Each structure stands twice: as C-alpha cells, then as structure tokens.
$ cat entry.pdb   # PDB, C-alpha atoms, pLDDT in the B column
MODEL        1
ATOM      1  CA  MET A   1     -77.472 -35.402 -40.824  1.00 51.00           C
ATOM      2  CA  PRO A   2     -80.456 -36.219 -38.637  1.00 65.00           C
ATOM      3  CA  THR A   3     -83.424 -33.899 -38.991  1.00 73.00           C
ATOM      4  CA  GLU A   4     -83.315 -33.104 -35.261  1.00 75.00           C
ATOM      5  CA  HIS A   5     -79.830 -31.604 -35.494  1.00 82.00           C
ATOM      6  CA  GLN A   6     -80.637 -29.759 -38.698  1.00 85.00           C
ATOM      7  CA  SER A   7     -83.607 -28.005 -37.082  1.00 85.00           C
ATOM      8  CA  GLU A   8     -81.407 -26.942 -34.138  1.00 86.00           C
ATOM      9  CA  ILE A   9     -78.826 -25.559 -36.566  1.00 89.00           C
ATOM     10  CA  ASP A  10     -81.549 -23.696 -38.460  1.00 87.00           C
ATOM     11  CA  ASP A  11     -82.855 -22.206 -35.186  1.00 86.00           C
ATOM     12  CA  LEU A  12     -79.345 -21.065 -34.253  1.00 87.00           C
ATOM     13  CA  ARG A  13     -78.881 -19.458 -37.664  1.00 89.00           C
ATOM     14  CA  ILE A  14     -82.119 -17.520 -37.241  1.00 87.00           C
ATOM     15  CA  ARG A  15     -81.090 -16.342 -33.760  1.00 85.00           C
ATOM     16  CA  LEU A  16     -77.651 -15.318 -35.044  1.00 84.00           C
ATOM     17  CA  ALA A  17     -79.204 -13.327 -37.896  1.00 83.00           C
ATOM     18  CA  ARG A  18     -81.451 -11.481 -35.414  1.00 78.00           C
ATOM     19  CA  LEU A  19     -78.506 -10.672 -33.140  1.00 76.00           C
ATOM     20  CA  GLU A  20     -76.398  -9.412 -36.030  1.00 79.00           C
ATOM     21  CA  ALA A  21     -79.270  -7.229 -37.266  1.00 73.00           C
ATOM     22  CA  ALA A  22     -79.790  -5.789 -33.773  1.00 68.00           C
ATOM     23  CA  ALA A  23     -76.062  -5.060 -33.412  1.00 71.00           C
ATOM     24  CA  SER A  24     -76.024  -3.073 -36.652  1.00 67.00           C
ATOM     25  CA  ARG A  25     -78.899  -0.771 -35.620  1.00 62.00           C
ATOM     26  CA  PRO A  26     -78.166   2.427 -33.734  1.00 60.00           C
ATOM     27  CA  ARG A  27     -79.111   1.989 -30.085  1.00 76.00           C
ATOM     28  CA  GLY A  28     -80.258   5.507 -29.499  1.00 89.00           C
ATOM     29  CA  HIS A  29     -79.568   7.952 -26.715  1.00 92.00           C
ATOM     30  CA  THR A  30     -79.748   8.243 -22.949  1.00 93.00           C
ATOM     31  CA  ASN A  31     -79.559  10.958 -20.325  1.00 94.00           C
ATOM     32  CA  LEU A  32     -76.859  11.630 -17.721  1.00 94.00           C
ATOM     33  CA  PRO A  33     -78.160   9.078 -15.168  1.00 95.00           C
ATOM     34  CA  GLY A  34     -78.431   6.448 -17.914  1.00 92.00           C
ATOM     35  CA  ALA A  35     -74.945   7.207 -19.234  1.00 93.00           C
ATOM     36  CA  ALA A  36     -73.464   7.004 -15.736  1.00 94.00           C
ATOM     37  CA  ARG A  37     -75.219   3.686 -15.127  1.00 92.00           C
ATOM     38  CA  TYR A  38     -74.020   2.366 -18.511  1.00 90.00           C
ATOM     39  CA  LEU A  39     -70.437   3.385 -17.648  1.00 92.00           C
ATOM     40  CA  GLY A  40     -70.685   1.927 -14.150  1.00 91.00           C
ATOM     41  CA  ILE A  41     -69.875   5.221 -12.422  1.00 94.00           C
ATOM     42  CA  SER A  42     -71.882   7.668 -10.331  1.00 95.00           C
ATOM     43  CA  GLU A  43     -73.644  10.653 -11.859  1.00 96.00           C
ATOM     44  CA  GLU A  44     -71.371  12.947  -9.848  1.00 97.00           C
ATOM     45  CA  THR A  45     -68.248  11.253 -11.252  1.00 96.00           C
ATOM     46  CA  LEU A  46     -69.567  11.729 -14.784  1.00 95.00           C
ATOM     47  CA  ARG A  47     -70.311  15.414 -14.058  1.00 95.00           C
ATOM     48  CA  ARG A  48     -66.779  15.893 -12.731  1.00 96.00           C
ATOM     49  CA  LYS A  49     -65.298  14.221 -15.811  1.00 94.00           C
ATOM     50  CA  HIS A  50     -67.129  16.763 -17.969  1.00 93.00           C
ATOM     51  CA  LEU A  51     -65.939  19.666 -15.831  1.00 94.00           C
ATOM     52  CA  ARG A  52     -62.357  18.473 -16.499  1.00 93.00           C
ATOM     53  CA  GLY A  53     -63.131  17.958 -20.208  1.00 91.00           C
ATOM     54  CA  GLU A  54     -62.675  14.195 -19.922  1.00 91.00           C
ATOM     55  CA  GLY A  55     -66.177  12.764 -20.358  1.00 92.00           C
ATOM     56  CA  PRO A  56     -67.829  11.145 -23.357  1.00 94.00           C
ATOM     57  CA  PRO A  57     -69.376  13.391 -26.034  1.00 94.00           C
ATOM     58  CA  ARG A  58     -72.812  14.768 -25.207  1.00 95.00           C
ATOM     59  CA  THR A  59     -75.455  17.017 -26.743  1.00 93.00           C
ATOM     60  CA  LYS A  60     -77.280  19.789 -24.893  1.00 93.00           C
ATOM     61  CA  LEU A  61     -81.067  19.412 -24.751  1.00 89.00           C
ATOM     62  CA  GLY A  62     -82.855  22.517 -23.569  1.00 88.00           C
ATOM     63  CA  SER A  63     -81.347  24.561 -20.769  1.00 89.00           C
ATOM     64  CA  ARG A  64     -80.410  21.833 -18.289  1.00 87.00           C
ATOM     65  CA  ASN A  65     -80.371  18.393 -19.878  1.00 90.00           C
ATOM     66  CA  TRP A  66     -77.781  16.423 -21.827  1.00 91.00           C
ATOM     67  CA  SER A  67     -78.145  13.537 -24.272  1.00 95.00           C
ATOM     68  CA  TYR A  68     -75.553  10.794 -24.748  1.00 95.00           C
ATOM     69  CA  SER A  69     -75.395   8.488 -27.750  1.00 93.00           C
ATOM     70  CA  TYR A  70     -74.626   4.887 -26.797  1.00 90.00           C
ATOM     71  CA  ASP A  71     -72.425   4.592 -29.877  1.00 88.00           C
ATOM     72  CA  GLU A  72     -70.428   7.683 -28.874  1.00 91.00           C
ATOM     73  CA  ILE A  73     -70.082   6.368 -25.311  1.00 92.00           C
ATOM     74  CA  ASP A  74     -68.739   3.071 -26.694  1.00 89.00           C
ATOM     75  CA  ASN A  75     -66.301   4.931 -28.969  1.00 90.00           C
ATOM     76  CA  TRP A  76     -65.134   7.072 -26.047  1.00 92.00           C
ATOM     77  CA  LEU A  77     -64.635   3.980 -23.872  1.00 90.00           C
ATOM     78  CA  THR A  78     -62.619   2.297 -26.617  1.00 88.00           C
ATOM     79  CA  ALA A  79     -60.403   5.379 -26.928  1.00 89.00           C
ATOM     80  CA  GLN A  80     -59.906   5.418 -23.143  1.00 85.00           C
ATOM     81  CA  VAL A  81     -58.872   1.761 -23.077  1.00 82.00           C
ATOM     82  CA  GLU A  82     -56.542   2.197 -26.059  1.00 78.00           C
ATOM     83  CA  GLY A  83     -55.011   5.288 -24.427  1.00 78.00           C
ATOM     84  CA  GLU A  84     -54.376   3.397 -21.194  1.00 68.00           C
ATOM     85  CA  ALA A  85     -52.745   0.577 -23.135  1.00 57.00           C
ATOM     86  CA  LYS A  86     -50.268   3.085 -24.603  1.00 59.00           C
ATOM     87  CA  LEU A  87     -49.227   4.506 -21.217  1.00 52.00           C
ATOM     88  CA  PRO A  88     -45.941   3.181 -19.851  1.00 59.00           C
ATOM     89  CA  ARG A  89     -46.395   0.762 -16.991  1.00 59.00           C
ATOM     90  CA  PRO A  90     -44.343   1.246 -13.831  1.00 64.00           C
ATOM     91  CA  PRO A  91     -41.834  -1.533 -13.189  1.00 65.00           C
ATOM     92  CA  PRO A  92     -42.893  -4.144 -10.648  1.00 65.00           C
ATOM     93  CA  PRO A  93     -41.506  -3.663  -7.112  1.00 63.00           C
TER      94      PRO A  93
ENDMDL
END
$ encode --input "entry.pdb" --output "structure tokens"
Amino acid sequence: MPTEHQSEIDDLRIRLARLEAAASRPRGHTNLPGAARYLGISEETLRRKHLRGEGPPRTKLGSRNWSYSYDEIDNWLTAQVEGEAKLPRPPPP
C-alpha cells in the first residue's frame, strides 16, 4: 500500500478514536433555554410540557432555575420516538 494512503488511513483512525472518546464522555447539563433550543422547541412549549408532566427529566437549582442533563434529554427523546412508533396509525384516506 502506498505510504500516502497509509498516512490518510492513520489520520482517519486517530480522528475516529477522538470522536469515539468524546461520545463516551458525559456532555453535561444545560438550562431551560438551552434544553428548548436542543429540542428545537420554544421555551414556552417546554414549560407547558412540564406543566402537563410530559417534559424531559430536570433538576431544580435554587428557587427558580432548572438543570437538564443532555443524556437524560436524549433518553427522553428516544422514549418519545419509540412510544410514537407503537401508536396505531390511522388508515390512509
């Protein structure tokens, strides 16, 4: 194998190892505006979801603030998608 291709393969292996290491680390937490942005919904929609008991898990910080774990948001999203997949679909018109 030419040396040129081998060095490209080695570079790709290094990049892949970095990406895999980053994916295995916890990503931390965010606040309500950050969680809403991450979910692609408005802050008000996220607040309403919590009032109905439908939002992702959160932790109270102080008297007025909430913290959301990115991992818990991802788990909640996965559960929402799996739940929708289990719902019966209406027949086509």
$ atom_distance --input "entry.pdb" --atom1 "CA of Ile73 (chain A)" --atom2 "CA of Tyr38 (chain A)"
8.8 Å
$ atom_distance --input "entry.pdb" --atom1 "CA of Arg58 (chain A)" --atom2 "CA of Val81 (chain A)"
19.2 Å
$ closest_residue --input "entry.pdb" --among "A:Arg52, A:Thr59, A:Leu12, A:Ala23" --to "Glu72 (chain A)" --atoms "all atoms listed in the file"
A:Thr59
$ resolve_selection --input "entry.pdb" --expression "the PyMOL selection byres ((chain A and resi 43-46) around 12)" --output "ChimeraX atom specification"
/A:31-42,47-58,66,68,73
$ atom_distance --input "entry.pdb" --atom1 "CA of Leu77 (chain A)" --atom2 "CA of Ala17 (chain A)"
26.6 Å
$ axis_aligned_box --input "entry.pdb" --around "region 43-58 of chain A" --padding-each-side "8 Å" --output "AutoDock Vina command-line options"
--center_x -68.0 --center_y 15.2 --center_z -17.9 --size_x 27.3 --size_y 25.0 --size_z 32.2
$ decode --input "entry.pdb" --residues "region 19-68 of chain A" --atoms "N, CA and C atoms" --output "PDB file, in the first residue's frame"
ATOM      1  N   LEU A  19     -13.350  10.926  18.203  1.00  0.00           N
ATOM      2  CA  LEU A  19     -14.810  11.017  18.193  1.00  0.00           C
ATOM      3  C   LEU A  19     -15.453   9.994  19.119  1.00  0.00           C
ATOM      4  N   GLU A  20     -14.936   8.776  19.115  1.00  0.00           N
ATOM      5  CA  GLU A  20     -15.481   7.749  19.999  1.00  0.00           C
ATOM      6  C   GLU A  20     -15.261   8.103  21.452  1.00  0.00           C
ATOM      7  N   ALA A  21     -14.093   8.668  21.779  1.00  0.00           N
ATOM      8  CA  ALA A  21     -13.815   9.072  23.162  1.00  0.00           C
ATOM      9  C   ALA A  21     -14.750  10.204  23.583  1.00  0.00           C
ATOM     10  N   ALA A  22     -14.983  11.161  22.688  1.00  0.00           N
ATOM     11  CA  ALA A  22     -15.873  12.278  23.007  1.00  0.00           C
ATOM     12  C   ALA A  22     -17.305  11.793  23.196  1.00  0.00           C
ATOM     13  N   ALA A  23     -17.727  10.809  22.408  1.00  0.00           N
ATOM     14  CA  ALA A  23     -19.098  10.299  22.511  1.00  0.00           C
ATOM     15  C   ALA A  23     -19.320   9.559  23.824  1.00  0.00           C
ATOM     16  N   SER A  24     -18.277   9.001  24.400  1.00  0.00           N
ATOM     17  CA  SER A  24     -18.438   8.231  25.631  1.00  0.00           C
ATOM     18  C   SER A  24     -18.412   9.112  26.879  1.00  0.00           C
ATOM     19  N   ARG A  25     -17.997  10.358  26.750  1.00  0.00           N
ATOM     20  CA  ARG A  25     -17.965  11.270  27.906  1.00  0.00           C
ATOM     21  C   ARG A  25     -19.331  11.888  28.129  1.00  0.00           C
ATOM     22  N   PRO A  26     -19.704  12.101  29.396  1.00  0.00           N
ATOM     23  CA  PRO A  26     -20.955  12.805  29.643  1.00  0.00           C
ATOM     24  C   PRO A  26     -20.837  14.230  29.103  1.00  0.00           C
ATOM     25  N   ARG A  27     -21.932  14.734  28.545  1.00  0.00           N
ATOM     26  CA  ARG A  27     -21.896  16.049  27.912  1.00  0.00           C
ATOM     27  C   ARG A  27     -22.296  17.164  28.855  1.00  0.00           C
ATOM     28  N   GLY A  28     -22.706  16.832  30.032  1.00  0.00           N
ATOM     29  CA  GLY A  28     -23.026  17.877  30.982  1.00  0.00           C
ATOM     30  C   GLY A  28     -24.493  18.257  31.010  1.00  0.00           C
ATOM     31  N   HIS A  29     -24.721  19.494  31.444  1.00  0.00           N
ATOM     32  CA  HIS A  29     -26.079  19.969  31.689  1.00  0.00           C
ATOM     33  C   HIS A  29     -26.320  21.299  30.992  1.00  0.00           C
ATOM     34  N   THR A  30     -27.578  21.666  30.898  1.00  0.00           N
ATOM     35  CA  THR A  30     -27.978  22.947  30.337  1.00  0.00           C
ATOM     36  C   THR A  30     -29.178  23.466  31.115  1.00  0.00           C
ATOM     37  N   ASN A  31     -29.545  24.694  30.830  1.00  0.00           N
ATOM     38  CA  ASN A  31     -30.718  25.290  31.476  1.00  0.00           C
ATOM     39  C   ASN A  31     -31.938  25.156  30.572  1.00  0.00           C
ATOM     40  N   LEU A  32     -33.063  25.751  30.989  1.00  0.00           N
ATOM     41  CA  LEU A  32     -34.296  25.631  30.215  1.00  0.00           C
ATOM     42  C   LEU A  32     -34.154  26.200  28.800  1.00  0.00           C
ATOM     43  N   PRO A  33     -33.589  27.400  28.618  1.00  0.00           N
ATOM     44  CA  PRO A  33     -33.429  27.890  27.237  1.00  0.00           C
ATOM     45  C   PRO A  33     -32.546  26.966  26.387  1.00  0.00           C
ATOM     46  N   GLY A  34     -31.484  26.431  26.984  1.00  0.00           N
ATOM     47  CA  GLY A  34     -30.610  25.523  26.245  1.00  0.00           C
ATOM     48  C   GLY A  34     -31.300  24.216  25.903  1.00  0.00           C
ATOM     49  N   ALA A  35     -32.096  23.698  26.832  1.00  0.00           N
ATOM     50  CA  ALA A  35     -32.830  22.452  26.574  1.00  0.00           C
ATOM     51  C   ALA A  35     -33.865  22.664  25.474  1.00  0.00           C
ATOM     52  N   ALA A  36     -34.560  23.787  25.519  1.00  0.00           N
ATOM     53  CA  ALA A  36     -35.563  24.075  24.484  1.00  0.00           C
ATOM     54  C   ALA A  36     -34.886  24.187  23.120  1.00  0.00           C
ATOM     55  N   ARG A  37     -33.766  24.887  23.069  1.00  0.00           N
ATOM     56  CA  ARG A  37     -33.029  25.031  21.815  1.00  0.00           C
ATOM     57  C   ARG A  37     -32.560  23.668  21.308  1.00  0.00           C
ATOM     58  N   TYR A  38     -32.051  22.831  22.208  1.00  0.00           N
ATOM     59  CA  TYR A  38     -31.572  21.494  21.850  1.00  0.00           C
ATOM     60  C   TYR A  38     -32.717  20.637  21.296  1.00  0.00           C
ATOM     61  N   LEU A  39     -33.911  20.795  21.868  1.00  0.00           N
ATOM     62  CA  LEU A  39     -35.081  20.037  21.422  1.00  0.00           C
ATOM     63  C   LEU A  39     -35.738  20.637  20.181  1.00  0.00           C
ATOM     64  N   GLY A  40     -35.371  21.877  19.857  1.00  0.00           N
ATOM     65  CA  GLY A  40     -35.969  22.531  18.699  1.00  0.00           C
ATOM     66  C   GLY A  40     -37.380  23.035  18.947  1.00  0.00           C
ATOM     67  N   ILE A  41     -37.667  23.386  20.208  1.00  0.00           N
ATOM     68  CA  ILE A  41     -38.982  23.917  20.569  1.00  0.00           C
ATOM     69  C   ILE A  41     -38.777  25.214  21.336  1.00  0.00           C
ATOM     70  N   SER A  42     -39.853  25.968  21.529  1.00  0.00           N
ATOM     71  CA  SER A  42     -39.737  27.218  22.280  1.00  0.00           C
ATOM     72  C   SER A  42     -39.658  26.925  23.780  1.00  0.00           C
ATOM     73  N   GLU A  43     -39.168  27.902  24.515  1.00  0.00           N
ATOM     74  CA  GLU A  43     -39.105  27.764  25.975  1.00  0.00           C
ATOM     75  C   GLU A  43     -40.512  27.588  26.546  1.00  0.00           C
ATOM     76  N   GLU A  44     -41.464  28.327  25.992  1.00  0.00           N
ATOM     77  CA  GLU A  44     -42.846  28.238  26.480  1.00  0.00           C
ATOM     78  C   GLU A  44     -43.420  26.841  26.256  1.00  0.00           C
ATOM     79  N   THR A  45     -43.123  26.239  25.102  1.00  0.00           N
ATOM     80  CA  THR A  45     -43.601  24.878  24.828  1.00  0.00           C
ATOM     81  C   THR A  45     -43.008  23.899  25.835  1.00  0.00           C
ATOM     82  N   LEU A  46     -41.728  24.068  26.146  1.00  0.00           N
ATOM     83  CA  LEU A  46     -41.097  23.177  27.126  1.00  0.00           C
ATOM     84  C   LEU A  46     -41.729  23.376  28.505  1.00  0.00           C
ATOM     85  N   ARG A  47     -41.993  24.620  28.884  1.00  0.00           N
ATOM     86  CA  ARG A  47     -42.667  24.882  30.173  1.00  0.00           C
ATOM     87  C   ARG A  47     -44.034  24.202  30.218  1.00  0.00           C
ATOM     88  N   ARG A  48     -44.781  24.317  29.137  1.00  0.00           N
ATOM     89  CA  ARG A  48     -46.117  23.703  29.090  1.00  0.00           C
ATOM     90  C   ARG A  48     -46.037  22.181  29.164  1.00  0.00           C
ATOM     91  N   LYS A  49     -45.028  21.602  28.530  1.00  0.00           N
ATOM     92  CA  LYS A  49     -44.850  20.147  28.616  1.00  0.00           C
ATOM     93  C   LYS A  49     -44.654  19.742  30.075  1.00  0.00           C
ATOM     94  N   HIS A  50     -43.875  20.510  30.815  1.00  0.00           N
ATOM     95  CA  HIS A  50     -43.644  20.183  32.224  1.00  0.00           C
ATOM     96  C   HIS A  50     -44.916  20.356  33.052  1.00  0.00           C
ATOM     97  N   LEU A  51     -45.690  21.372  32.753  1.00  0.00           N
ATOM     98  CA  LEU A  51     -46.953  21.560  33.478  1.00  0.00           C
ATOM     99  C   LEU A  51     -47.884  20.366  33.285  1.00  0.00           C
ATOM    100  N   ARG A  52     -47.824  19.735  32.101  1.00  0.00           N
ATOM    101  CA  ARG A  52     -48.646  18.548  31.817  1.00  0.00           C
ATOM    102  C   ARG A  52     -47.951  17.258  32.249  1.00  0.00           C
ATOM    103  N   GLY A  53     -46.729  17.364  32.784  1.00  0.00           N
ATOM    104  CA  GLY A  53     -45.979  16.181  33.198  1.00  0.00           C
ATOM    105  C   GLY A  53     -45.394  15.403  32.035  1.00  0.00           C
ATOM    106  N   GLU A  54     -45.130  16.076  30.917  1.00  0.00           N
ATOM    107  CA  GLU A  54     -44.672  15.399  29.715  1.00  0.00           C
ATOM    108  C   GLU A  54     -43.235  15.721  29.317  1.00  0.00           C
ATOM    109  N   GLY A  55     -42.573  16.611  29.999  1.00  0.00           N
ATOM    110  CA  GLY A  55     -41.242  17.046  29.581  1.00  0.00           C
ATOM    111  C   GLY A  55     -40.136  16.105  30.008  1.00  0.00           C
ATOM    112  N   PRO A  56     -38.921  16.375  29.530  1.00  0.00           N
ATOM    113  CA  PRO A  56     -37.774  15.563  29.928  1.00  0.00           C
ATOM    114  C   PRO A  56     -37.433  15.777  31.403  1.00  0.00           C
ATOM    115  N   PRO A  57     -36.748  14.824  32.023  1.00  0.00           N
ATOM    116  CA  PRO A  57     -36.373  14.976  33.435  1.00  0.00           C
ATOM    117  C   PRO A  57     -35.537  16.241  33.647  1.00  0.00           C
ATOM    118  N   ARG A  58     -35.708  16.848  34.807  1.00  0.00           N
ATOM    119  CA  ARG A  58     -34.952  18.048  35.147  1.00  0.00           C
ATOM    120  C   ARG A  58     -34.685  18.071  36.637  1.00  0.00           C
ATOM    121  N   THR A  59     -33.723  18.886  37.042  1.00  0.00           N
ATOM    122  CA  THR A  59     -33.332  19.013  38.440  1.00  0.00           C
ATOM    123  C   THR A  59     -33.454  20.473  38.846  1.00  0.00           C
ATOM    124  N   LYS A  60     -34.057  20.710  39.982  1.00  0.00           N
ATOM    125  CA  LYS A  60     -34.251  22.079  40.489  1.00  0.00           C
ATOM    126  C   LYS A  60     -32.924  22.623  41.015  1.00  0.00           C
ATOM    127  N   LEU A  61     -32.591  23.835  40.592  1.00  0.00           N
ATOM    128  CA  LEU A  61     -31.402  24.536  41.083  1.00  0.00           C
ATOM    129  C   LEU A  61     -31.858  25.840  41.728  1.00  0.00           C
ATOM    130  N   GLY A  62     -31.724  25.932  43.022  1.00  0.00           N
ATOM    131  CA  GLY A  62     -32.171  27.140  43.701  1.00  0.00           C
ATOM    132  C   GLY A  62     -33.684  27.231  43.718  1.00  0.00           C
ATOM    133  N   SER A  63     -34.189  28.462  43.726  1.00  0.00           N
ATOM    134  CA  SER A  63     -35.636  28.647  43.844  1.00  0.00           C
ATOM    135  C   SER A  63     -36.343  28.777  42.495  1.00  0.00           C
ATOM    136  N   ARG A  64     -35.595  29.112  41.435  1.00  0.00           N
ATOM    137  CA  ARG A  64     -36.269  29.387  40.167  1.00  0.00           C
ATOM    138  C   ARG A  64     -35.690  28.675  38.955  1.00  0.00           C
ATOM    139  N   ASN A  65     -34.542  28.077  39.073  1.00  0.00           N
ATOM    140  CA  ASN A  65     -33.871  27.533  37.891  1.00  0.00           C
ATOM    141  C   ASN A  65     -33.904  26.016  37.845  1.00  0.00           C
ATOM    142  N   TRP A  66     -33.824  25.492  36.622  1.00  0.00           N
ATOM    143  CA  TRP A  66     -33.835  24.055  36.379  1.00  0.00           C
ATOM    144  C   TRP A  66     -32.608  23.674  35.566  1.00  0.00           C
ATOM    145  N   SER A  67     -32.110  22.458  35.799  1.00  0.00           N
ATOM    146  CA  SER A  67     -30.979  21.925  35.059  1.00  0.00           C
ATOM    147  C   SER A  67     -31.421  20.668  34.315  1.00  0.00           C
ATOM    148  N   TYR A  68     -31.002  20.551  33.071  1.00  0.00           N
ATOM    149  CA  TYR A  68     -31.318  19.400  32.235  1.00  0.00           C
ATOM    150  C   TYR A  68     -30.026  18.719  31.830  1.00  0.00           C
TER     151      TYR A  68
END
